[in-house]
Structure formats: C-alpha cells, structure tokens
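**Q** Can you keep this structure in mind? I'll have questions shortly.
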Amino acid sequence: PDFLNINEEVFDNLRERFNFNQFNLRPISLVYMNGTDFMQDKLFYPDRGIAGVTKVLGKNEMATFFSGSRQDLSHVAKHEFAHWFDMQRMKQVGDQQGIGMKGVLNGMQLWQIEGLAEYYSSGWSSTHEQIMRDLWHNGIFIPMGEVERFSGSFLTYTFGNFYTKFLEEKFGAGTALKIRDNSYKGDIDEIMKSVTGHGVEELNRMAHAYLATNFKDMEGKTDNRKEIAGGLLVGSDGDRFLTWGFGDGHIRLQLNKLNDHELVSERVVQDFEYGMESLFTLYKSGGIGFRGDKIVFPASDSGKDKLVMQVFSEEEDGFNLDKRVEKQFDSIDEITSVQFIDNNSVVFVGSTGGYQDIYSYDFRKESLKRLTN
C-alpha cells in the first residue's frame, strides 16, 4: 500500500511537470522485496548496479526493489516514472514525425535522458551538490560533449542533472523538454541553437561561469579533505577509519587517522589504476573488511569482480602500503559485503547470473568454500 501511495503522488506530480495527459494506460510497476530477486527478473534483465528499470519500447512496465529505505524506494520510483512520462512524449513526437519513439530516442545522449529524469523527478539533491563542489574544488569541469565518456557512472547522473538544471534556470522551465522534442533532428549544436540561441561550446562557457558564480564562496580556500572528498565512512578499527570518496575524477578508498587532531590520510586504491578497472562495486556494497594491518575489498577487473587484500604498516606521521594480494574466481562474477572472520580469512556474498551465495576464502591457504546453496 505504501508503494501505491508513492505511485499516486509521483504520477500526479510528473503529469503536471511534463505537461502530458495523452495516455490511456498507466505503467505496470513491479516491486521486488530484495535486490537478488530484482536482478533475476526475466522481463527486464536489469544491468548490474542499477536500482530500477523502465521498458523503453513496447509495454508500459517498470521494476525496482525495496532496499529497506522508503526514501530510496521513493527516489527510484520517481526517477523511473519520469522515464515513463518522457517516453510517452517521445512517442508522441516520433509519431508526429513518422519516425516512432526510437527515432527520437536515438538522437539523445545518455546524460540527457538520465539528467532529465533525475531533475524532473527529484530536482537538484544535496548529494549532487556535494559531488559537484568536490569536482569544482579539484578543478574538474566536464563539458556537455564529453559527459558521454562516463556513460553509466554516477557522473552521468550528476552532470546530466546539472546541465538540465542549468538549462531550465537559464532559459526557462521546459527547456530540457524542448531540446528533447527536437533531438530527432540529429545535430546537437543546431538543436541547442534553435532552442536556446546558443551553441554547445557557448553553453559550456556559460555553464562554467554559472558554477563559478554559485561556488564563489569556495575561492581561495584550502581543503584538507581533498583526498577523501565525499566523506563516506565505510569502516573503522580502533582510531583508524576508512572512507570512500571522489576526487580528480576517480573513486577512491582512503585510510585515515587523527594525529593530534590533524587528519592523516593515505590513498589505498583508486579506480583506473592497473588491474582496478572499477571500484563501483565497492561503492555500492559498503562491505569492506578492516582488521589489524589488513584491508579487504571488492574491485572489478576485465568485467569480473575480485577480492583485494591490502596489507599496511603504520608510522607516527602516516601509513605505508605493503603487500597487496588479489584473487579472482572463475565461478563468481560479482562480490559484495566482504568481512574478515580471522586474520587471513573473509566471508562475502558472491553472485553469478543473479544468484547469490555466501562464500569464505582463506588467503593463506588460497581456499574458497561456498557456505550456502
């Protein structure tokens, strides 16, 4: 019943925002009670790491799962409903032009699609604001034409949301929808000029100036938290603690401690290092083992997850990273929720084809054991 209330609230709000009432059927919403069942869905075949999905062509269907947080469920429901409304408008434009919805959709980049759904459903959140401020402080600005390089990452959603926000505030409510309605014309520079009067490069300069004005309070300031931007605490052991953060365009894991009330921090790992294709699974799982002089965490390499154990030593003024051990398993695609059970062994959740089991692994004996069926 709670989800039905969310649906009603979202539906009425987005119908007004999208200024769209020309439909006969509401979408069918499927809600799974856990992420495992959601990942095994045979109607949608959801990609790894996503929390919701909407059918692009054909049927009025969407799916998500309940993670235990009503706030998260509401956010995802709003986002997926925004996709659905967007698709109805695309279908209308496509039918008018004789190219169908797919003809309109093919002219859009992913950051436009996800940014519009995020902004129209939830607006500009404090999380997006924090990430954008961290990027700005580190001198990073991604122009419109380059956001697609980060397709599928949270940068797609953050910059997509930002550019949608910028366009709507600068050129009036509904600007992003007008751009989308003209996307079938193909040339994004000409589309931007026809709707806003400015080409992509000029809009990039305007967006950069927009950020400079909004983040003027950060000028001339130093930030001791630069290396742990995002500041998400993911584990602790005694007076040492681990944080996940974002800086210089990378996801990072930091080892920290306080020394006379001053923060001492050492970067343990960041994505795109050799053998560290992605740390997205680390960010999503939140399960990182921390025991004594060892840290264990999941990372992706060549499309599969692996266990990584980092050994470190501690000095008065910081840390030294010593031996690193990595292990990838033929029978396991995804690894989450890693925890130590003794100094050399861990337990974790391993997934293959959407099916999850609990495993233990002994680094010293190089022994893997499945604990559940």
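By order of appearance in the structure tokens: chains A, B, ..., then residues from 1 within every chain, and ligands from 1 in the order shown.
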Leaving out A:Lys294 and any residue of its chain fewer than 4 positions from it, which residues lie within 8 Å of it when counting only C-alpha atoms, given as a list of chain:residue names?

**A** A:Phe290, A:Met309, A:Gln310, A:Val311, A:Phe312, A:Asn343

**Q** Would you mind exporting N, CA and C atoms of the selected residues as a PDB file, in the first residue's frame?

**A**
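Written out: out_11.pdb:
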```pdb
ATOM      1  N   PHE A 290      38.090  -4.700   7.568  1.00  0.00           N
ATOM      2  CA  PHE A 290      39.180  -3.908   8.161  1.00  0.00           C
ATOM      3  C   PHE A 290      39.553  -4.590   9.471  1.00  0.00           C
ATOM      4  N   MET A 309      43.198  -7.824  -0.992  1.00  0.00           N
ATOM      5  CA  MET A 309      43.622  -7.614   0.391  1.00  0.00           C
ATOM      6  C   MET A 309      44.885  -6.755   0.395  1.00  0.00           C
ATOM      7  N   GLN A 310      44.797  -5.615   1.051  1.00  0.00           N
ATOM      8  CA  GLN A 310      45.928  -4.698   1.161  1.00  0.00           C
ATOM      9  C   GLN A 310      46.486  -4.744   2.584  1.00  0.00           C
ATOM     10  N   VAL A 311      47.781  -5.050   2.691  1.00  0.00           N
ATOM     11  CA  VAL A 311      48.479  -5.028   3.978  1.00  0.00           C
ATOM     12  C   VAL A 311      49.188  -3.690   4.113  1.00  0.00           C
ATOM     13  N   PHE A 312      49.132  -3.105   5.309  1.00  0.00           N
ATOM     14  CA  PHE A 312      49.780  -1.804   5.515  1.00  0.00           C
ATOM     15  C   PHE A 312      50.510  -1.798   6.849  1.00  0.00           C
ATOM     16  N   ASN A 343      42.379 -13.355  10.893  1.00  0.00           N
ATOM     17  CA  ASN A 343      43.409 -12.514  10.281  1.00  0.00           C
ATOM     18  C   ASN A 343      43.693 -12.842   8.819  1.00  0.00           C
TER      19      ASN A 343
END
```

**Q** Need to verify the contact set: A:Glu334, 6 Å, only C-alpha atoms, exclusion of same-chain residues closer than 5 positions in sequence. Can you return it as a list in words?

**A**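 Returned residues: Asp305, Gly350 and Ser351 of chain A.
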
**Q** Leaving out A:Ala117 and any residue of its chain fewer than 5 positions from it, which residues lie within 7 Å of it when counting only C-alpha atoms, given as number ranges by chain?

**A** A: 79, 82-83

**Q** Write out as a PyMOL selection string the residues lying within 8 Å of A:Ser122, counting only C-alpha atoms and excluding same-chain residues fewer than 4 positions away.

**A** chain A and resi 75+78-79+118

**Q** So that I can check the secondary structure, give me every residue of stretch 73-196 of chain A assigned helix (DSSP H, G or I) by backbone DSSP, as a PyMOL selection string.

**A** chain A and resi 73-97+100-105+110-122+126-137+144-150+154-171+175-181+183-185+188-196

**Q** Between atom CA of A:Leu263 and atom CA of A:Ile288, what is the distance in Å, rounded to a tenth?

**A** 21.0 Å

**Q** Which neighbours of A:Glu202 fall inside 12 Å, counting only C-alpha atoms, when residues of the same chain fewer than 5 positions from it are skipped, and could you give them as JSON, numbers by chain?

**A** {"A": [143, 144, 145, 189, 192, 193, 196, 197, 207, 208, 209]}

**Q** Those residues with C-alpha atoms, as a JSON list (two decimals), in the first residue's frame please?

**A**
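Saved file out35.json follows:
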```
[["chain", "number", "residue", "atom", "x", "y", "z"],
["A", 143, "PRO", "CA", 31.72, 19.82, -20.93],
["A", 144, "MET", "CA", 28.42, 18.64, -22.38],
["A", 145, "GLY", "CA", 30.03, 16.83, -25.27],
["A", 189, "ASP", "CA", 24.75, 22.02, -31.75],
["A", 192, "MET", "CA", 20.80, 23.85, -28.83],
["A", 193, "LYS", "CA", 20.96, 26.97, -31.03],
["A", 196, "THR", "CA", 18.43, 28.46, -26.51],
["A", 197, "GLY", "CA", 20.04, 30.69, -29.13],
["A", 207, "ALA", "CA", 27.66, 26.71, -17.51],
["A", 208, "HIS", "CA", 31.25, 27.13, -16.29],
["A", 209, "ALA", "CA", 30.55, 30.77, -15.37]]
```

**Q** Could you pull out the strand (DSSP E or B) residues of stretch 112-348 of chain A, going by DSSP on the backbone, and write them as a ChimeraX atom specification?

**A** /A:232-237,240-247,250-259,262-270,278,289-291,294-301,304-315,318-328,334-340,345-348

**Q** Show me, as a VMD selection string, the residues that have an atom within 9 Å of A:Leu105 when counting only C-alpha atoms, minus same-chain residues fewer than 5 positions from it.

**A** chain A and resid 87 90 94 113 180 183 to 184
